[in-house]
>>> print(open('model_5.pdb').read())   # PDB, C-alpha atoms
MODEL        1
ATOM      1  CA  MET A  29      56.883 109.057  20.006
ATOM      2  CA  ASN A  30      53.405 109.615  18.641
ATOM      3  CA  ALA A  31      51.395 106.361  18.996
ATOM      4  CA  ALA A  32      49.664 107.044  15.657
ATOM      5  CA  LEU A  33      53.021 106.588  13.936
ATOM      6  CA  LEU A  34      53.025 102.942  14.962
ATOM      7  CA  SER A  35      49.500 102.212  13.836
ATOM      8  CA  SER A  36      47.440 102.502  10.692
ATOM      9  CA  LYS A  37      45.434 105.384  12.244
ATOM     10  CA  ASP A  38      47.684 107.937  10.538
ATOM     11  CA  MET A  39      47.807 106.894   6.885
ATOM     12  CA  ASN A  40      48.709 110.290   5.430
ATOM     13  CA  TRP A  41      52.476 110.367   5.316
ATOM     14  CA  CYS A  42      52.957 113.333   3.001
ATOM     15  CA  THR A  43      56.128 113.382   0.954
ATOM     16  CA  PRO A  44      58.705 115.952   2.042
ATOM     17  CA  ARG A  45      58.881 118.731  -0.564
ATOM     18  CA  GLU A  46      62.659 118.558  -1.135
ATOM     19  CA  PHE A  47      62.608 114.774  -1.443
ATOM     20  CA  PHE A  48      59.879 114.995  -4.084
ATOM     21  CA  LYS A  49      61.725 117.746  -5.986
ATOM     22  CA  GLU A  50      64.811 115.551  -6.262
ATOM     23  CA  LEU A  51      62.801 112.682  -7.750
ATOM     24  CA  ASP A  52      60.840 115.063  -9.980
ATOM     25  CA  ARG A  53      64.065 116.411 -11.508
ATOM     26  CA  GLU A  54      64.829 112.854 -12.596
ATOM     27  CA  PHE A  55      61.384 111.615 -13.654
ATOM     28  CA  HIS A  56      59.340 114.770 -14.526
ATOM     29  CA  PHE A  57      56.093 113.612 -12.932
ATOM     30  CA  ASP A  58      52.677 114.631 -14.215
ATOM     31  CA  LEU A  59      50.260 112.530 -12.108
ATOM     32  CA  ASP A  60      49.825 111.986  -8.362
ATOM     33  CA  PRO A  61      47.103 109.326  -7.998
ATOM     34  CA  ALA A  62      46.997 109.219  -4.180
ATOM     35  CA  ALA A  63      46.609 112.822  -3.097
ATOM     36  CA  THR A  64      44.386 115.338  -1.458
ATOM     37  CA  GLU A  65      43.898 118.874  -2.729
ATOM     38  CA  LYS A  66      46.431 120.063  -0.141
ATOM     39  CA  SER A  67      49.027 117.292  -0.551
ATOM     40  CA  ALA A  68      49.063 116.930  -4.362
ATOM     41  CA  LYS A  69      52.547 117.019  -5.853
ATOM     42  CA  CYS A  70      51.470 117.217  -9.514
ATOM     43  CA  ALA A  71      49.058 119.381 -11.485
ATOM     44  CA  GLN A  72      46.987 116.275 -12.235
ATOM     45  CA  TYR A  73      45.996 114.233  -9.207
ATOM     46  CA  TYR A  74      43.290 111.978  -7.811
ATOM     47  CA  THR A  75      41.795 112.473  -4.370
ATOM     48  CA  PRO A  76      40.036 109.765  -2.355
ATOM     49  CA  VAL A  77      36.797 110.915  -4.034
ATOM     50  CA  GLU A  78      38.131 110.052  -7.520
ATOM     51  CA  ASP A  79      39.898 106.963  -6.087
ATOM     52  CA  GLY A  80      43.219 106.574  -7.884
ATOM     53  CA  LEU A  81      42.880 102.788  -7.641
ATOM     54  CA  LYS A  82      39.952 103.003 -10.091
ATOM     55  CA  GLN A  83      41.606 105.411 -12.550
ATOM     56  CA  SER A  84      43.977 104.762 -15.439
ATOM     57  CA  TRP A  85      47.555 105.911 -14.926
ATOM     58  CA  GLY A  86      48.575 104.937 -18.460
ATOM     59  CA  GLY A  87      50.555 107.455 -20.466
ATOM     60  CA  HIS A  88      51.749 109.305 -17.362
ATOM     61  CA  ARG A  89      54.883 109.793 -15.325
ATOM     62  CA  VAL A  90      53.407 108.849 -11.980
ATOM     63  CA  PHE A  91      54.568 109.682  -8.477
ATOM     64  CA  CYS A  92      52.624 107.748  -5.864
ATOM     65  CA  ASN A  93      52.982 107.913  -2.099
ATOM     66  CA  PRO A  94      50.005 105.684  -1.262
ATOM     67  CA  PRO A  95      48.078 105.520   2.015
ATOM     68  CA  TYR A  96      50.115 103.356   4.384
ATOM     69  CA  GLY A  97      47.140 101.427   5.739
ATOM     70  CA  ARG A  98      45.597  98.096   4.859
ATOM     71  CA  THR A  99      45.170  98.961   1.171
ATOM     72  CA  ILE A 100      48.868  99.573   0.477
ATOM     73  CA  GLY A 101      49.176  96.193  -1.254
ATOM     74  CA  GLU A 102      46.405  97.196  -3.665
ATOM     75  CA  TRP A 103      48.307 100.398  -4.501
ATOM     76  CA  VAL A 104      51.534  98.485  -5.147
ATOM     77  CA  GLN A 105      49.673  96.029  -7.377
ATOM     78  CA  LYS A 106      48.063  98.951  -9.245
ATOM     79  CA  GLY A 107      51.464 100.631  -9.709
ATOM     80  CA  TYR A 108      52.943  97.459 -11.156
ATOM     81  CA  GLU A 109      49.970  96.796 -13.462
ATOM     82  CA  GLU A 110      49.736 100.386 -14.719
ATOM     83  CA  SER A 111      53.466 100.446 -15.441
ATOM     84  CA  ARG A 112      52.978  97.727 -18.046
ATOM     85  CA  LYS A 113      51.244 100.308 -20.260
ATOM     86  CA  GLN A 114      52.993 102.240 -23.037
ATOM     87  CA  ASP A 115      54.377 105.698 -22.200
ATOM     88  CA  THR A 116      54.119 105.062 -18.453
ATOM     89  CA  VAL A 117      56.575 105.285 -15.581
ATOM     90  CA  VAL A 118      55.469 104.646 -12.006
ATOM     91  CA  VAL A 119      57.584 105.708  -9.033
ATOM     92  CA  MET A 120      56.249 104.760  -5.625
ATOM     93  CA  LEU A 121      57.397 105.750  -2.137
ATOM     94  CA  ILE A 122      56.524 102.994   0.327
ATOM     95  CA  PRO A 123      57.732 101.501   3.603
ATOM     96  CA  ALA A 124      60.601  99.043   3.111
ATOM     97  CA  ARG A 125      58.640  96.107   4.466
ATOM     98  CA  THR A 126      60.343  93.418   2.434
ATOM     99  CA  ASP A 127      58.558  90.591   4.229
ATOM    100  CA  THR A 128      55.166  91.570   2.827
ATOM    101  CA  GLN A 129      53.286  89.674   0.164
ATOM    102  CA  TYR A 130      53.119  92.700  -2.141
ATOM    103  CA  TYR A 131      56.924  93.040  -2.209
ATOM    104  CA  HIS A 132      57.236  89.440  -3.323
ATOM    105  CA  GLU A 133      54.401  89.595  -5.866
ATOM    106  CA  TYR A 134      54.986  92.997  -7.495
ATOM    107  CA  ILE A 135      58.512  94.191  -6.698
ATOM    108  CA  PHE A 136      61.029  91.376  -6.217
ATOM    109  CA  GLY A 137      62.014  88.856  -8.861
ATOM    110  CA  GLY A 138      62.695  91.482 -11.510
ATOM    111  CA  LYS A 139      59.175  92.913 -11.471
ATOM    112  CA  ALA A 140      60.396  96.359 -10.381
ATOM    113  CA  ASP A 141      63.066  97.936 -12.540
ATOM    114  CA  GLU A 142      64.630  99.634  -9.525
ATOM    115  CA  VAL A 143      64.355  99.365  -5.758
ATOM    116  CA  ARG A 144      66.063 102.227  -3.955
ATOM    117  CA  PHE A 145      66.325 101.660  -0.225
ATOM    118  CA  LEU A 146      66.638 104.999   1.549
ATOM    119  CA  ARG A 147      69.361 105.597   4.070
ATOM    120  CA  GLY A 148      67.978 106.687   7.429
ATOM    121  CA  ARG A 149      64.366 107.540   8.104
ATOM    122  CA  LEU A 150      62.346 110.125   6.211
ATOM    123  CA  HIS A 151      60.707 113.005   8.000
ATOM    124  CA  PHE A 152      57.291 113.040   6.363
ATOM    125  CA  THR A 153      55.038 116.082   6.622
ATOM    126  CA  ASP A 154      51.404 116.755   7.312
ATOM    127  CA  GLU A 155      49.196 118.183   4.540
ATOM    128  CA  ASP A 156      50.294 121.715   5.422
ATOM    129  CA  GLY A 157      53.976 120.854   4.957
ATOM    130  CA  ASN A 158      54.794 120.763   8.666
ATOM    131  CA  ARG A 159      57.522 118.260   9.419
ATOM    132  CA  LYS A 160      56.546 115.177  11.440
ATOM    133  CA  ASP A 161      58.798 113.084  13.634
ATOM    134  CA  SER A 162      60.953 110.685  11.650
ATOM    135  CA  ALA A 163      59.084 107.653  10.380
ATOM    136  CA  PRO A 164      59.230 104.526  12.567
ATOM    137  CA  PHE A 165      60.003 102.478   9.442
ATOM    138  CA  PRO A 166      62.578 102.556   6.649
ATOM    139  CA  SER A 167      61.389 103.624   3.204
ATOM    140  CA  ALA A 168      62.040 102.589  -0.373
ATOM    141  CA  VAL A 169      61.453 104.113  -3.776
ATOM    142  CA  ILE A 170      60.154 101.570  -6.285
ATOM    143  CA  VAL A 171      60.465 102.291 -10.014
ATOM    144  CA  TRP A 172      58.608 100.519 -12.793
ATOM    145  CA  TYR A 173      59.216 101.594 -16.404
ATOM    146  CA  GLY A 174      56.651 100.944 -19.118
ATOM    147  CA  PRO A 175      57.705  98.845 -22.115
ATOM    148  CA  ASN A 176      58.958 101.817 -24.135
ATOM    149  CA  MET A 177      60.171 103.926 -21.206
ATOM    150  CA  LYS A 178      63.363 102.179 -20.122
ATOM    151  CA  PRO A 179      66.216 104.624 -19.351
ATOM    152  CA  GLY A 180      68.242 105.474 -22.417
ATOM    153  CA  ARG A 181      65.288 104.951 -24.765
ATOM    154  CA  SER A 182      63.181 107.765 -26.096
ATOM    155  CA  ARG A 183      59.437 107.721 -25.613
ATOM    156  CA  ASP A 184      59.053 106.923 -29.303
ATOM    157  CA  ALA A 185      61.672 104.134 -29.446
TER     158      ALA A 185
ENDMDL
END
>>> encode(input="model_5.pdb", output="C-alpha cells")
Amino acid sequence: MNAALLSSKDMNWCTPREFFKELDREFHFDLDPAATEKSAKCAQYYTPVEDGLKQSWGGHRVFCNPPYGRTIGEWVQKGYEESRKQDTVVVMLIPARTDTQYYHEYIFGGKADEVRFLRGRLHFTDEDGNRKDSAPFPSAVIVWYGPNMKPGRSRDA
C-alpha cells in the first residue's frame, strides 16, 4: 500500500466520477468549494487560491470533498455554518472518523440532516481521473439542508 495513503501528505482524494454523478442526480449541485481546475465537479468552484473557507456558499447546492489534512475540521464547520443559510444545501464527502471533535460538534446530535455511511471503501482518483488504491478509511456523506431546503419542501416554501 502507498504510504501516502496513511498520512496527510496526500490530501487530494478526488471524488470518483460515477459516485459524484449519483449524488448530483439527487442534489443538482452548482458549487464545488474545495477544488482545483482539474478536479472541479461543478461549473462554479473555488481553488486553493480563492480559498473556499473564506467564500460564501449561501444560495448554492454545494458538493464538497475537502482536503483530508489538518484543516478538515474547519471545512466541516464551514459546511455546517453555511448550510444554515436560506436556499442552501451542503453535501460533504469525508472520512467516517466518528471519534473526531468535528463529528461531535457539527454532525452528531441532530446537526446533520443525514449521515450516510458508505459500504466498503471508495476508490478515489487523482486529478486526471486515474483510479487510486482503495482508501485506507471508511467514508461518509454528510447532508445539511438549509432552513427552507428540507426534502419535500420547495425552495420557496
>>> closest_residue(input="model_5.pdb", among="A:Arg98, A:Arg112, A:Arg159, A:His56", to="A:Pro44", atoms="only C-alpha atoms")
A:Arg159
>>> closest_residue(input="model_5.pdb", among="A:Thr126, A:Tyr108, A:Phe91, A:Ala62", to="A:Val77", atoms="only C-alpha atoms")
A:Ala62
>>> closest_residue(input="model_5.pdb", among="A:Val119, A:Cys70, A:Leu150, A:Val143", to="A:Ala168", atoms="only C-alpha atoms")
A:Val143
>>> atom_distance(input="model_5.pdb", atom1="atom CA of A:Tyr130", atom2="atom CA of A:Gly107")
11.1 Å
>>> closest_residue(input="model_5.pdb", among="A:Glu65, A:Asp154, A:Asp161, A:Asp127", to="A:Trp41", atoms="only C-alpha atoms")
A:Asp154
>>> closest_residue(input="model_5.pdb", among="A:Met120, A:Met177, A:Cys42, A:Ala63", to="A:Val90", atoms="only C-alpha atoms")
A:Met120
>>> atom_distance(input="model_5.pdb", atom1="atom CA of A:Ser84", atom2="atom CA of A:Ile170")
18.9 Å
>>> resolve_selection(input="model_5.pdb", expression="the PyMOL selection byres ((chain A and resi 67) around 12)", output="MDAnalysis selection string")
chainID A and resid 40:45 48 60:66 68:76 92:94 152:158
>>> closest_residue(input="model_5.pdb", among="A:Ala124, A:Val117, A:Leu146, A:Ile135", to="A:Lys178", atoms="only C-alpha atoms")
A:Val117
>>> resolve_selection(input="model_5.pdb", expression="the PyMOL selection byres ((chain A and resi 167) around 9)", output="compact mmCIF listing (two decimals) with C-alpha atoms, in the frame of the given file")
# COMPACT_ATOMS: atom_id res chain seq x y z
CA LEU A 121 57.40 105.75 -2.14
CA ILE A 122 56.52 102.99 0.33
CA PRO A 123 57.73 101.50 3.60
CA ALA A 124 60.60 99.04 3.11
CA ARG A 125 58.64 96.11 4.47
CA ARG A 144 66.06 102.23 -3.96
CA PHE A 145 66.32 101.66 -0.22
CA LEU A 146 66.64 105.00 1.55
CA ARG A 147 69.36 105.60 4.07
CA GLY A 148 67.98 106.69 7.43
CA ARG A 149 64.37 107.54 8.10
CA LEU A 150 62.35 110.12 6.21
CA ALA A 163 59.08 107.65 10.38
CA PHE A 165 60.00 102.48 9.44
CA PRO A 166 62.58 102.56 6.65
CA ALA A 168 62.04 102.59 -0.37
CA VAL A 169 61.45 104.11 -3.78
>>> atom_distance(input="model_5.pdb", atom1="atom CA of A:Lys49", atom2="atom CA of A:His151")
14.8 Å
>>> resolve_selection(input="model_5.pdb", expression="the PyMOL selection byres ((chain A and resi 87) around 8)", output="ChimeraX atom specification")
/A:85-86,88-89,113-116
